[in-house]
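> Okay, here's the structure, questions in a sec.
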Amino acid sequence: MMKRKLLLAIAGCFLISANGFSQELTEEEQAKLDSVNAVNEANATTAKSQEAYNKGIDFFKEKQFDKAIAQYKISIESDPNFKAAYYNKGVAENEASYYAAAAKTLTQLIEKDKEYSKAYFQRARAYQGTGDYLKAEKDYNKSIELEPKNPKAHYNFGTLQFLQQNYDGAIESFTKTIELNGNLAYAYNDRGSCHRMKGDYSKAVSDYEQASKKNPELAFVLNNIGTTKLKMKDYKGAIAAFNRAISIDKDFHLAYNNRGATQMERNKLDEAIEDFKKCIEVNANYAPAYANIAAAEFKNENYKEAKKNADKAIQLDPDYASAYVNRGMIREMLRDMNGACEDWNKAKELGAETGGQYYSQNCGF
Amino acid sequence: MKLKNTYIIAAFSLIAGFTFSQNVEFKRSNFKDQVDEYKAAEDAIDKGEELFEQGSAAIFEVRDPGLLFEKARKQFMIAQDLNPDNALNNFRIGVCYIHSTRPYEAISYLEKAHKLDPECDDFLYYYHGNALQLKGEFDKAVESYRKFEDAYRKADNFSKFVTMRKRECDNAKKYKSDPERCWVDNVSALNTEYDEIAPSITTDGSEIIFSSNRKNGNSPNEVGMYDHDIYTSTFSEGKWDKVKPIRGSVNSKENDVVNNLAFDGTKMLLHKEKDGYEAVFESMLKGADWSYPEVLPRQISTDRTNDMYAAYSHDGWSIFFARGNESRSNGTDIMYSGMRNKMEKNYGAATMISQVNSKFNDGPIYMAIDGKTMYLASQGHESLGGYDIFVSYKDQGVWSKPKNMGYPINTPYDDFFFAPTANGKFAYITSNRAGGKGGFDLYKVTFWGPPKQPIVDMEDYLLASIAKPIKDPQIEETVSVNKVSLTVFKGKTIDAISRDAVQAEIEITDNSTGDVIERFTTNSATGKFLLSLTAGKNYGIAVKADGYLFHSENFDIPKGSAYNLINKTIELKNIAVGSKIALRNIFFDVGKATLRSESNAELDRLVKLLKDVPSLKVEISGHTDNTGSASLNEKLSQDRAEAVVNYLKGKGIKAGRLTAKGYGSSRPVASNNTSDGRQENRRTEFEIIEN
């Protein structure tokens, strides 16, 4: 008892000296003090959460998604009921392609607030990323139900339908996006791709051209016009489109590669090889350009050079089925039949039908 | 300047005088210092001339000149040693070589004869045309043939040869300008400086059989040539093993020329001389040995014709072959004879297939497994020169006009025989083209198949929102597919317990039609069998063997499968009462009756047999060697037999079906005086005592 009084006296001395007071606290005063401390402590925690949340937004704007996620995590630890922190964390995780983590974060948020419509939209994106298309579809539908005028939900739902090869459904969604005045260039481009996948190349080109009008700076839209015109055997139109794509973005490697593929179709092998090489100058790790040089050199009957390029394509992408098909053909002409059969068999294992056909027709007895 | 030019011309003339020889006649005055040599040369020329005339007459009548030209050449070479610059002698040697298995040797002699004196013989321009044709100088060859035609005034049938040669040159130009998509490689591992002909290959490509007149144990003939024997080699680890004569009683002191191996590899056709004529024989594979060849019935092997180059039809019901009738001047013709009953092997009268025959020699023949394709060799039709290989297709019972298989399979030289592998990717042929090891060599044809289009990949951002580009799935195009795909089916029949080979009768049924498509007996020594089946079907296989339980199962061969080879081991269950098998894979701890786990596989096979055949009752007996105490041995053997019985009971076999007996060392199967013998005697046996 004596000892406790001594401790209180010491504490009292400290308080007094800290506050400039010089008096002992009553029980009522002590209770009041405790209550204030508790509120302060709570405020400090909220402040800490908010501070981290704000820092998270700064990092997000700077596209430093990992740092943003770390701050949102601190924010949520400090205030587990801070719904905006969950939402932002989910969005940042989606942006950083951590789709499984995003789905988990957004599920936590939806458990706290079932009417949080944007959360469904973002979780649908996350499920789309993990390939869980049925769950994604359900979330997009819920998002559209909660916010029917949100063009983004329609647009993303369209991309999901496209990935599921439901091109008619996707056309409907992209048309709705266009009606709601969403991202018009993207919506027209993607609707054009739906038509292209359906084999309706004229409608595809028409939509791609609309997309290009809405945003003339999108090189990939011009690239899509080029590849579609190539399918229509309009080689001149295809090359003009690839030229326009390159004039917008001289580092757009796909346009060089695809222009080379068009030259191959026209049997202009030297021009094709030149374009594939330009593609490699822009993107030295782009395996298809090497595989395409191999294809062109095969046609040139320059099998050694062809093999060198096929080897490089496979070195860059060991699961590249077409490169194995091409290298098999090259090795056959270099009289390495065992090697050719190994390559065709590998291509078959990787899902290339042609590899399987060549293997069964040429290997064994 | 003018003076200088004069010197140059004079110097050139001097050199030319040394380089180009003059025609040196065989006149005594030209060889005053070599009287004996001149006499010998004159005698040799006289002998050679007679043989040469006889050989030329045979050629004229489209008959085989046999050794006439080779004998003549040997004589002309005696004269050549004395005088290498006589146009006529060079011409004659060249002609002898043209009609030999080494026609490429003819070129230099005929060119020299042409240079020395193009008028040395009426036929010089004809044979010089031959030489130019072999060299691939087709326009010059045609020019030479025309010169011959202009000068040749005899009203005989020789014009058919000249017309054919000119047509061959046109054909050669046409086919060389559009070569076949294939490689033709000399199979140097199998070839020698001698002749290698008539390849046959097993359907799985693992063994080749061919004939060769390489040196053997027999005596060479009068011109130093050995007789043809049949040889074999196996393909392992990417190369052909050492060539060996085939095992058995086929090879003789005569020419033994293999014709065709049956698709299942169990019988072969060959031809050899019989009573002065070539006749077709058949030999069967018995175990690892080929049986003594039996001549085929008179419908195929007559007494008065040369019958050779026979081939089995796809179903074994007919034999196709080439017949040479000396009373005709169209060379050999392709015939066929069908069997009325397979068991009795009674063949019908042979019929000529007129659609595939020409005015020249036709045959050898190879019948493809589809029953609708015939590969044949011919000196006629659209040949590029010599024998060429052709293909004919049967449509609604009629064989089509033979189509040349093209260059480089065919050349102006002799190219014949055609033995394809099951998938048609490879074929083996015979050719005496230049650049080989000598004479006829075996060549491997590797077909490239239809042109392969390389894949050109394009990528797009089809979806604007997805940063990662999506590959265009429609970029790959399909290629034509072989409609008929075959799979080799091999296997063996063995005793389920002892694993020994069992000879069994097998029937294979096409389950889609219910037809029995194959019926055969497996090899008595190895239990092995081998055949080819159409892929993409479901088959039933029924196996029976004396003393064994009937075995039946069903299997698929997938279409377009990568599995071009299917291997099956059929285990047959022995159910004869009294049948006794030593279970060599049952192991106990030393001196104990404790079963070791390594025994389980053998024991489980026994369990399966007893479950499959519920009527079986067996005695399990234990046996020891004679080492140690007899009473202890008897107890140990009884305990071990009971351990096995207990295991079987534990797996659900009723005790009433099992008897355990320990015989100690009382029933040895080998001498106990050696460690090997004692090892043999320490055993567990099972005997079927009731069924």
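As shown in the structure tokens, the chain order sets the letters A, B, ...; within each chain, residues go from 1, and ligands are also counted from 1 in the order they appear.
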Contacts of Tyr324 of chain A at 7 Å or less, counting only C-alpha atoms, minus same-chain residues fewer than 4 places along, as a VMD selection string?
chain A and resid 320 328 343 to 344 346 to 347
> Residues as selected, N, CA and C atoms, written as a PDB file, in the first residue's frame, can you do that?

ATOM      1  N   TYR A 320       7.392 -21.689 -77.806  1.00  0.00           N
ATOM      2  CA  TYR A 320       6.859 -21.048 -78.997  1.00  0.00           C
ATOM      3  C   TYR A 320       6.615 -22.123 -80.082  1.00  0.00           C
ATOM      4  N   GLY A 328      11.487 -27.391 -87.499  1.00  0.00           N
ATOM      5  CA  GLY A 328      11.387 -28.781 -87.961  1.00  0.00           C
ATOM      6  C   GLY A 328      11.525 -28.855 -89.464  1.00  0.00           C
ATOM      7  N   ASP A 343      11.372 -31.570 -83.169  1.00  0.00           N
ATOM      8  CA  ASP A 343      10.738 -30.245 -83.173  1.00  0.00           C
ATOM      9  C   ASP A 343       9.239 -30.345 -83.437  1.00  0.00           C
ATOM     10  N   TRP A 344       8.842 -31.182 -84.406  1.00  0.00           N
ATOM     11  CA  TRP A 344       7.407 -31.299 -84.714  1.00  0.00           C
ATOM     12  C   TRP A 344       6.657 -31.907 -83.533  1.00  0.00           C
ATOM     13  N   LYS A 346       7.520 -31.612 -80.402  1.00  0.00           N
ATOM     14  CA  LYS A 346       7.441 -30.559 -79.371  1.00  0.00           C
ATOM     15  C   LYS A 346       6.321 -29.578 -79.735  1.00  0.00           C
ATOM     16  N   ALA A 347       6.250 -29.202 -81.021  1.00  0.00           N
ATOM     17  CA  ALA A 347       5.207 -28.277 -81.474  1.00  0.00           C
ATOM     18  C   ALA A 347       3.832 -28.881 -81.207  1.00  0.00           C
TER      19      ALA A 347
END
> Show me, as a ChimeraX atom specification, the residues that have an atom within 10 Å of segment 675-688 of chain B when counting only C-alpha atoms, minus same-chain residues fewer than 6 positions from it.
/B:574-587,606,616-627,637,640-641,644,658-662,664-669
> Go ahead and write the selection's residues with N, CA and C atoms as a tab-separated table (two decimals), in the first residue's frame.

chain	number	residue	atom	x	y	z
B	574	ASN	N	-1.87	-71.36	-68.94
B	574	ASN	CA	-1.75	-72.80	-69.11
B	574	ASN	C	-2.72	-73.51	-68.18
B	575	ILE	N	-3.58	-74.36	-68.74
B	575	ILE	CA	-4.60	-75.00	-67.90
B	575	ILE	C	-4.59	-76.52	-68.04
B	576	ALA	N	-3.55	-77.08	-68.62
B	576	ALA	CA	-3.53	-78.54	-68.80
B	576	ALA	C	-3.22	-79.23	-67.48
B	577	VAL	N	-3.99	-80.30	-67.17
B	577	VAL	CA	-3.73	-81.07	-65.94
B	577	VAL	C	-2.35	-81.71	-66.09
B	578	GLY	N	-1.58	-81.65	-64.98
B	578	GLY	CA	-0.22	-82.20	-65.01
B	578	GLY	C	0.81	-81.17	-65.41
B	579	SER	N	0.34	-80.01	-65.92
B	579	SER	CA	1.30	-78.97	-66.30
B	579	SER	C	1.98	-78.46	-65.03
B	580	LYS	N	3.28	-78.41	-65.10
B	580	LYS	CA	4.06	-78.12	-63.90
B	580	LYS	C	5.03	-76.99	-64.25
B	581	ILE	N	5.05	-75.96	-63.39
B	581	ILE	CA	5.94	-74.84	-63.70
B	581	ILE	C	6.74	-74.47	-62.45
B	582	ALA	N	8.06	-74.34	-62.63
B	582	ALA	CA	8.88	-73.89	-61.50
B	582	ALA	C	8.76	-72.37	-61.39
B	583	LEU	N	8.45	-71.92	-60.17
B	583	LEU	CA	8.26	-70.48	-59.95
B	583	LEU	C	9.60	-69.91	-59.51
B	584	ARG	N	10.37	-69.49	-60.47
B	584	ARG	CA	11.76	-69.07	-60.19
B	584	ARG	C	11.84	-67.70	-59.55
B	585	ASN	N	10.75	-67.00	-59.52
B	585	ASN	CA	10.80	-65.64	-58.96
B	585	ASN	C	10.15	-65.58	-57.59
B	586	ILE	N	10.13	-66.71	-56.89
B	586	ILE	CA	9.66	-66.70	-55.50
B	586	ILE	C	10.91	-66.85	-54.62
B	587	PHE	N	11.00	-65.95	-53.65
B	587	PHE	CA	12.23	-65.88	-52.85
B	587	PHE	C	11.87	-65.94	-51.35
B	606	LEU	N	0.05	-65.79	-60.22
B	606	LEU	CA	-0.57	-67.07	-59.91
B	606	LEU	C	-2.00	-66.85	-59.40
B	616	LEU	N	-9.56	-74.59	-61.61
B	616	LEU	CA	-8.22	-75.14	-61.40
B	616	LEU	C	-7.98	-75.51	-59.94
B	617	LYS	N	-7.32	-76.69	-59.74
B	617	LYS	CA	-6.81	-77.03	-58.41
B	617	LYS	C	-5.32	-77.28	-58.59
B	618	VAL	N	-4.53	-76.75	-57.68
B	618	VAL	CA	-3.09	-76.85	-57.88
B	618	VAL	C	-2.39	-77.38	-56.64
B	619	GLU	N	-1.25	-78.00	-56.92
B	619	GLU	CA	-0.39	-78.40	-55.80
B	619	GLU	C	0.82	-77.48	-55.81
B	620	ILE	N	1.09	-76.88	-54.64
B	620	ILE	CA	2.29	-76.04	-54.51
B	620	ILE	C	3.32	-76.91	-53.80
B	621	SER	N	4.46	-77.09	-54.40
B	621	SER	CA	5.46	-77.96	-53.76
B	621	SER	C	6.76	-77.22	-53.54
B	622	GLY	N	7.38	-77.58	-52.39
B	622	GLY	CA	8.68	-76.99	-52.07
B	622	GLY	C	9.76	-78.03	-52.29
B	623	HIS	N	10.94	-77.60	-52.74
B	623	HIS	CA	12.04	-78.53	-53.01
B	623	HIS	C	13.35	-77.90	-52.55
B	624	THR	N	14.23	-78.74	-52.03
B	624	THR	CA	15.54	-78.23	-51.60
B	624	THR	C	16.63	-79.01	-52.34
B	625	ASP	N	17.91	-78.58	-52.12
B	625	ASP	CA	19.00	-79.41	-52.62
B	625	ASP	C	19.31	-80.44	-51.54
B	626	ASN	N	20.39	-81.21	-51.71
B	626	ASN	CA	20.63	-82.30	-50.75
B	626	ASN	C	21.61	-81.90	-49.66
B	627	THR	N	21.85	-80.58	-49.55
B	627	THR	CA	22.79	-80.13	-48.51
B	627	THR	C	22.08	-80.19	-47.15
B	637	SER	N	10.99	-77.39	-46.79
B	637	SER	CA	10.27	-77.34	-48.07
B	637	SER	C	8.77	-77.34	-47.83
B	640	ARG	N	7.78	-73.87	-46.64
B	640	ARG	CA	7.82	-72.88	-47.73
B	640	ARG	C	6.61	-73.06	-48.65
B	641	ALA	N	6.25	-74.35	-48.94
B	641	ALA	CA	5.06	-74.58	-49.77
B	641	ALA	C	3.83	-74.01	-49.08
B	644	VAL	N	3.52	-70.24	-49.34
B	644	VAL	CA	2.96	-69.81	-50.63
B	644	VAL	C	1.44	-70.01	-50.62
B	658	LEU	N	-6.13	-75.68	-53.05
B	658	LEU	CA	-4.67	-75.57	-52.91
B	658	LEU	C	-4.13	-76.71	-52.04
B	659	THR	N	-3.06	-77.31	-52.46
B	659	THR	CA	-2.39	-78.34	-51.66
B	659	THR	C	-0.94	-77.92	-51.53
B	660	ALA	N	-0.40	-78.02	-50.29
B	660	ALA	CA	1.01	-77.70	-50.10
B	660	ALA	C	1.77	-78.98	-49.80
B	661	LYS	N	2.89	-79.19	-50.47
B	661	LYS	CA	3.69	-80.39	-50.19
B	661	LYS	C	5.17	-80.04	-50.19
B	662	GLY	N	5.88	-80.59	-49.19
B	662	GLY	CA	7.32	-80.38	-49.16
B	662	GLY	C	8.01	-81.68	-49.54
B	664	GLY	N	11.36	-81.96	-49.85
B	664	GLY	CA	12.77	-81.93	-49.46
B	664	GLY	C	13.65	-82.02	-50.70
B	665	SER	N	14.66	-82.91	-50.63
B	665	SER	CA	15.57	-83.04	-51.79
B	665	SER	C	15.23	-84.26	-52.63
B	666	SER	N	14.06	-84.85	-52.42
B	666	SER	CA	13.74	-86.13	-53.06
B	666	SER	C	13.44	-86.00	-54.56
B	667	ARG	N	13.15	-84.85	-55.04
B	667	ARG	CA	12.81	-84.73	-56.47
B	667	ARG	C	13.73	-83.72	-57.18
B	668	PRO	N	15.01	-84.06	-57.26
B	668	PRO	CA	15.93	-83.09	-57.91
B	668	PRO	C	15.64	-82.98	-59.41
B	669	VAL	N	15.89	-81.82	-59.96
B	669	VAL	CA	15.75	-81.63	-61.41
B	669	VAL	C	17.12	-81.47	-62.05
> Hey, what's within 12 Å of Glu53 of chain B if we count only C-alpha atoms and toss same-chain stuff fewer than 5 positions away? As a tab-separated table (two decimals) with N, CA, C and O atoms, in the first residue's frame, please?

chain	number	residue	atom	x	y	z
B	45	ILE	N	40.10	-60.47	-130.64
B	45	ILE	CA	39.07	-59.70	-131.37
B	45	ILE	C	38.13	-60.66	-132.09
B	45	ILE	O	36.90	-60.48	-132.06
B	46	ASP	N	38.68	-61.69	-132.69
B	46	ASP	CA	37.82	-62.66	-133.39
B	46	ASP	C	36.82	-63.29	-132.43
B	46	ASP	O	35.63	-63.39	-132.72
B	47	LYS	N	37.34	-63.72	-131.26
B	47	LYS	CA	36.45	-64.35	-130.27
B	47	LYS	C	35.41	-63.35	-129.78
B	47	LYS	O	34.22	-63.65	-129.65
B	48	GLY	N	35.92	-62.16	-129.50
B	48	GLY	CA	35.03	-61.12	-128.96
B	48	GLY	C	33.92	-60.76	-129.93
B	48	GLY	O	32.76	-60.60	-129.54
B	58	ALA	N	20.62	-60.58	-129.01
B	58	ALA	CA	19.73	-60.70	-127.84
B	58	ALA	C	19.09	-59.36	-127.51
B	58	ALA	O	17.88	-59.28	-127.25
B	59	ILE	N	19.88	-58.30	-127.55
B	59	ILE	CA	19.37	-56.96	-127.27
B	59	ILE	C	18.28	-56.60	-128.29
B	59	ILE	O	17.22	-56.08	-127.95
B	60	PHE	N	18.58	-56.92	-129.53
B	60	PHE	CA	17.65	-56.62	-130.62
B	60	PHE	C	16.29	-57.28	-130.38
B	60	PHE	O	15.24	-56.72	-130.67
B	65	PRO	N	21.00	-60.61	-122.50
B	65	PRO	CA	22.22	-61.10	-123.17
B	65	PRO	C	23.08	-61.96	-122.26
B	65	PRO	O	24.11	-62.49	-122.71
B	68	LEU	N	27.20	-62.66	-122.38
B	68	LEU	CA	27.83	-62.51	-123.70
B	68	LEU	C	28.69	-61.25	-123.80
B	68	LEU	O	29.85	-61.30	-124.24
B	69	PHE	N	28.15	-60.11	-123.39
B	69	PHE	CA	28.90	-58.86	-123.51
B	69	PHE	C	30.10	-58.83	-122.57
B	69	PHE	O	31.15	-58.28	-122.90
B	71	LYS	N	31.82	-61.40	-121.55
B	71	LYS	CA	32.86	-62.26	-122.13
B	71	LYS	C	33.53	-61.55	-123.31
B	71	LYS	O	34.75	-61.58	-123.46
B	72	ALA	N	32.73	-60.91	-124.13
B	72	ALA	CA	33.27	-60.18	-125.28
B	72	ALA	C	34.21	-59.07	-124.81
B	72	ALA	O	35.30	-58.88	-125.35
B	92	ARG	N	33.41	-51.06	-129.31
B	92	ARG	CA	32.90	-52.35	-128.84
B	92	ARG	C	32.96	-52.46	-127.32
B	92	ARG	O	32.03	-52.96	-126.68
B	95	VAL	N	30.14	-50.49	-125.91
B	95	VAL	CA	28.84	-51.18	-126.06
B	95	VAL	C	28.71	-52.27	-125.00
B	95	VAL	O	27.65	-52.44	-124.39
B	96	CYS	N	29.81	-53.01	-124.78
B	96	CYS	CA	29.77	-54.06	-123.75
B	96	CYS	C	29.43	-53.46	-122.39
B	96	CYS	O	28.64	-54.03	-121.62
> I want to know what sits within 7 Å of segment 206-215 of chain A, based on only C-alpha atoms, with residues of the same chain fewer than 6 positions away left out; could you give that as a PyMOL selection string?
chain A and resi 184-186+188-189+191-192+221+225
> Could you give me, as a list in words, the residues within 10 Å of Tyr116 of chain A, counting only C-alpha atoms and dropping anything in the same chain fewer than 2 positions from it?
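After dropping sequence-adjacent residues, the list is Lys83, Tyr87, Leu106, Leu109, Ile110, Glu111, Lys112, Asp113, Lys114, Lys118, Ala119, Tyr120, Phe121, Ser143 and Leu146 of chain A.
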> Go ahead and write the residues just picked, all heavy atoms, as a short mmCIF file (atom, residue, chain, number, x, y, z; two decimals), in the first residue's frame.

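To be explicit, this is the file written out as again32.cif:
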data_model
loop_
_atom_site.label_atom_id
_atom_site.label_comp_id
_atom_site.auth_asym_id
_atom_site.auth_seq_id
_atom_site.Cartn_x
_atom_site.Cartn_y
_atom_site.Cartn_z
N LYS A 83 -13.41 1.78 -45.73
CA LYS A 83 -13.82 1.13 -46.97
C LYS A 83 -13.05 1.66 -48.21
O LYS A 83 -12.67 0.92 -49.10
CB LYS A 83 -15.32 1.29 -47.18
CG LYS A 83 -16.13 0.43 -46.22
CD LYS A 83 -17.59 0.40 -46.58
CE LYS A 83 -18.30 1.53 -45.89
NZ LYS A 83 -19.77 1.44 -46.03
N TYR A 87 -10.97 -0.28 -51.19
CA TYR A 87 -11.26 -0.09 -52.61
C TYR A 87 -9.98 0.28 -53.37
O TYR A 87 -9.63 -0.32 -54.39
CB TYR A 87 -12.34 0.97 -52.81
CG TYR A 87 -12.63 1.20 -54.28
CD1 TYR A 87 -13.34 0.26 -55.02
CD2 TYR A 87 -12.16 2.34 -54.93
CE1 TYR A 87 -13.58 0.44 -56.38
CE2 TYR A 87 -12.40 2.53 -56.29
CZ TYR A 87 -13.12 1.59 -57.01
OH TYR A 87 -13.34 1.76 -58.35
N LEU A 106 -11.16 -6.94 -52.50
CA LEU A 106 -12.47 -6.40 -52.87
C LEU A 106 -13.61 -7.25 -52.29
O LEU A 106 -14.69 -6.73 -51.99
CB LEU A 106 -12.57 -6.30 -54.40
CG LEU A 106 -11.59 -5.24 -54.95
CD1 LEU A 106 -11.30 -5.47 -56.44
CD2 LEU A 106 -12.12 -3.82 -54.72
N LEU A 109 -14.13 -5.95 -48.92
CA LEU A 109 -14.90 -4.69 -48.98
C LEU A 109 -16.39 -4.97 -49.21
O LEU A 109 -17.26 -4.40 -48.52
CB LEU A 109 -14.34 -3.82 -50.13
CG LEU A 109 -15.14 -2.58 -50.50
CD1 LEU A 109 -15.33 -1.65 -49.28
CD2 LEU A 109 -14.45 -1.81 -51.63
N ILE A 110 -16.68 -5.88 -50.17
CA ILE A 110 -18.09 -6.17 -50.48
C ILE A 110 -18.78 -6.81 -49.27
O ILE A 110 -19.97 -6.57 -49.01
CB ILE A 110 -18.18 -7.04 -51.75
CG1 ILE A 110 -17.80 -6.18 -52.97
CG2 ILE A 110 -19.56 -7.66 -51.95
CD1 ILE A 110 -17.51 -6.94 -54.25
N GLU A 111 -18.02 -7.59 -48.50
CA GLU A 111 -18.60 -8.17 -47.27
C GLU A 111 -19.00 -7.06 -46.29
O GLU A 111 -19.97 -7.18 -45.55
CB GLU A 111 -17.60 -9.11 -46.61
CG GLU A 111 -17.59 -10.50 -47.26
CD GLU A 111 -16.42 -11.35 -46.81
OE1 GLU A 111 -15.65 -10.89 -45.93
OE2 GLU A 111 -16.28 -12.46 -47.36
N LYS A 112 -18.25 -5.96 -46.32
CA LYS A 112 -18.56 -4.84 -45.42
C LYS A 112 -19.67 -3.97 -46.00
O LYS A 112 -20.43 -3.35 -45.24
CB LYS A 112 -17.31 -3.97 -45.20
CG LYS A 112 -16.26 -4.67 -44.36
CD LYS A 112 -15.05 -3.78 -44.15
CE LYS A 112 -13.93 -4.56 -43.48
NZ LYS A 112 -14.30 -5.14 -42.17
N ASP A 113 -19.76 -3.89 -47.34
CA ASP A 113 -20.78 -3.02 -47.95
C ASP A 113 -21.23 -3.63 -49.27
O ASP A 113 -20.56 -3.50 -50.29
CB ASP A 113 -20.19 -1.62 -48.19
CG ASP A 113 -21.23 -0.66 -48.76
OD1 ASP A 113 -22.36 -1.12 -49.04
OD2 ASP A 113 -20.90 0.53 -48.92
N LYS A 114 -22.35 -4.29 -49.25
CA LYS A 114 -22.85 -5.02 -50.43
C LYS A 114 -23.31 -4.08 -51.54
O LYS A 114 -23.59 -4.51 -52.66
CB LYS A 114 -23.97 -5.97 -50.04
CG LYS A 114 -23.48 -7.12 -49.18
CD LYS A 114 -24.46 -8.24 -49.15
CE LYS A 114 -23.89 -9.54 -48.62
NZ LYS A 114 -22.85 -9.47 -47.60
N LYS A 118 -18.79 0.10 -57.31
CA LYS A 118 -17.50 0.12 -58.00
C LYS A 118 -16.64 -1.09 -57.61
O LYS A 118 -15.79 -1.53 -58.38
CB LYS A 118 -16.74 1.41 -57.64
CG LYS A 118 -17.33 2.64 -58.30
CD LYS A 118 -16.40 3.83 -58.20
CE LYS A 118 -16.26 4.26 -56.74
NZ LYS A 118 -15.46 5.49 -56.60
N ALA A 119 -16.92 -1.58 -56.39
CA ALA A 119 -16.15 -2.75 -55.94
C ALA A 119 -16.45 -3.96 -56.82
O ALA A 119 -15.55 -4.75 -57.14
CB ALA A 119 -16.47 -3.05 -54.48
N TYR A 120 -17.71 -4.11 -57.22
CA TYR A 120 -18.06 -5.23 -58.10
C TYR A 120 -17.34 -5.11 -59.44
O TYR A 120 -16.85 -6.08 -60.01
CB TYR A 120 -19.58 -5.28 -58.34
CG TYR A 120 -20.35 -5.71 -57.12
CD1 TYR A 120 -21.02 -4.78 -56.34
CD2 TYR A 120 -20.41 -7.05 -56.74
CE1 TYR A 120 -21.71 -5.16 -55.22
CE2 TYR A 120 -21.11 -7.45 -55.61
CZ TYR A 120 -21.76 -6.51 -54.85
OH TYR A 120 -22.44 -6.89 -53.75
N PHE A 121 -17.30 -3.87 -59.95
CA PHE A 121 -16.64 -3.63 -61.24
C PHE A 121 -15.16 -4.02 -61.16
O PHE A 121 -14.63 -4.74 -62.02
CB PHE A 121 -16.81 -2.15 -61.61
CG PHE A 121 -16.04 -1.76 -62.83
CD1 PHE A 121 -16.49 -2.09 -64.10
CD2 PHE A 121 -14.85 -1.05 -62.71
CE1 PHE A 121 -15.78 -1.73 -65.22
CE2 PHE A 121 -14.14 -0.68 -63.83
CZ PHE A 121 -14.60 -1.02 -65.10
N SER A 143 -22.50 -5.03 -61.24
CA SER A 143 -22.04 -3.65 -61.38
C SER A 143 -22.99 -2.86 -62.29
O SER A 143 -23.36 -1.72 -61.99
CB SER A 143 -20.62 -3.67 -61.94
OG SER A 143 -20.22 -2.38 -62.26
N LEU A 146 -26.24 -2.15 -60.54
CA LEU A 146 -26.14 -1.06 -59.58
C LEU A 146 -25.91 0.28 -60.27
O LEU A 146 -26.36 1.31 -59.79
CB LEU A 146 -25.01 -1.33 -58.59
CG LEU A 146 -25.25 -2.51 -57.62
CD1 LEU A 146 -23.97 -2.85 -56.85
CD2 LEU A 146 -26.37 -2.19 -56.64
#
> Please provide the set of residues having any atom within 9 Å of segment 165-175 of chain B, restricted to only C-alpha atoms, with same-chain residues fewer than 4 positions apart removed, written as a list in words.
Gly129, Asn130, Gln133, Gly136, Glu137, Phe138, Asp139, Ala141, Val142, Tyr145, Arg146, Lys160, Phe161, Pro179, Glu180, Glu382, Ser383, Leu384, Gly385, Gly386, Asn404, Gly406, Tyr407, Pro408, Asn410, Thr411 and Pro412 of chain B
> From the set B:Asn83, B:Thr203, B:Ser631, B:Thr594, which residue has the shortest atom-to-atom contact distance to chain A, counting only C-alpha atoms?
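That would be B:Thr203, the residue with the smallest distance to chain A.
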> To test your reading of the structure, identify every residue in segment 241-430 of chain B that backbone DSSP assigns to strand (DSSP E or B), and report it as a ChimeraX atom specification.
/B:244-245,248,257-261,267-274,277-286,289-290,294-295,306-312,318-324,332-339,347,351-352,362-367,373-378,388-395,398-399,403-404,415-420,426-430
> Hey, what's within 7 Å of segment 238-248 of chain A if we count only C-alpha atoms and toss same-chain stuff fewer than 3 positions away? As number ranges by chain, please?
A: 217, 219-220, 222-223, 225-227, 229-230, 234-235, 252, 255, 259
> Quick one: of B:Phe416, B:Tyr152, B:Tyr292, B:Phe447, who's nearest to chain A, counting only C-alpha atoms?
B:Phe447
> Just list the residues in segment 54-162 of chain A DSSP gives helix (DSSP H, G or I) on the backbone, as a VMD selection string.
chain A and resid 54 to 61 65 to 78 83 to 95 99 to 112 117 to 130 133 to 146 151 to 162
> Using only C-alpha atoms, which of the listed residues (B:Gly363, B:Gly491, B:Gly331, B:Pro402) sits closest to Gly527 of chain B?
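Using only C-alpha atoms, the shortest distance to Gly527 of chain B belongs to B:Gly491.
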> Work out how far apart atom CA of Gln54 of chain B and atom CA of Val280 of chain B are and give it in Å to one decimal.
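So the answer is 27.2 Å.
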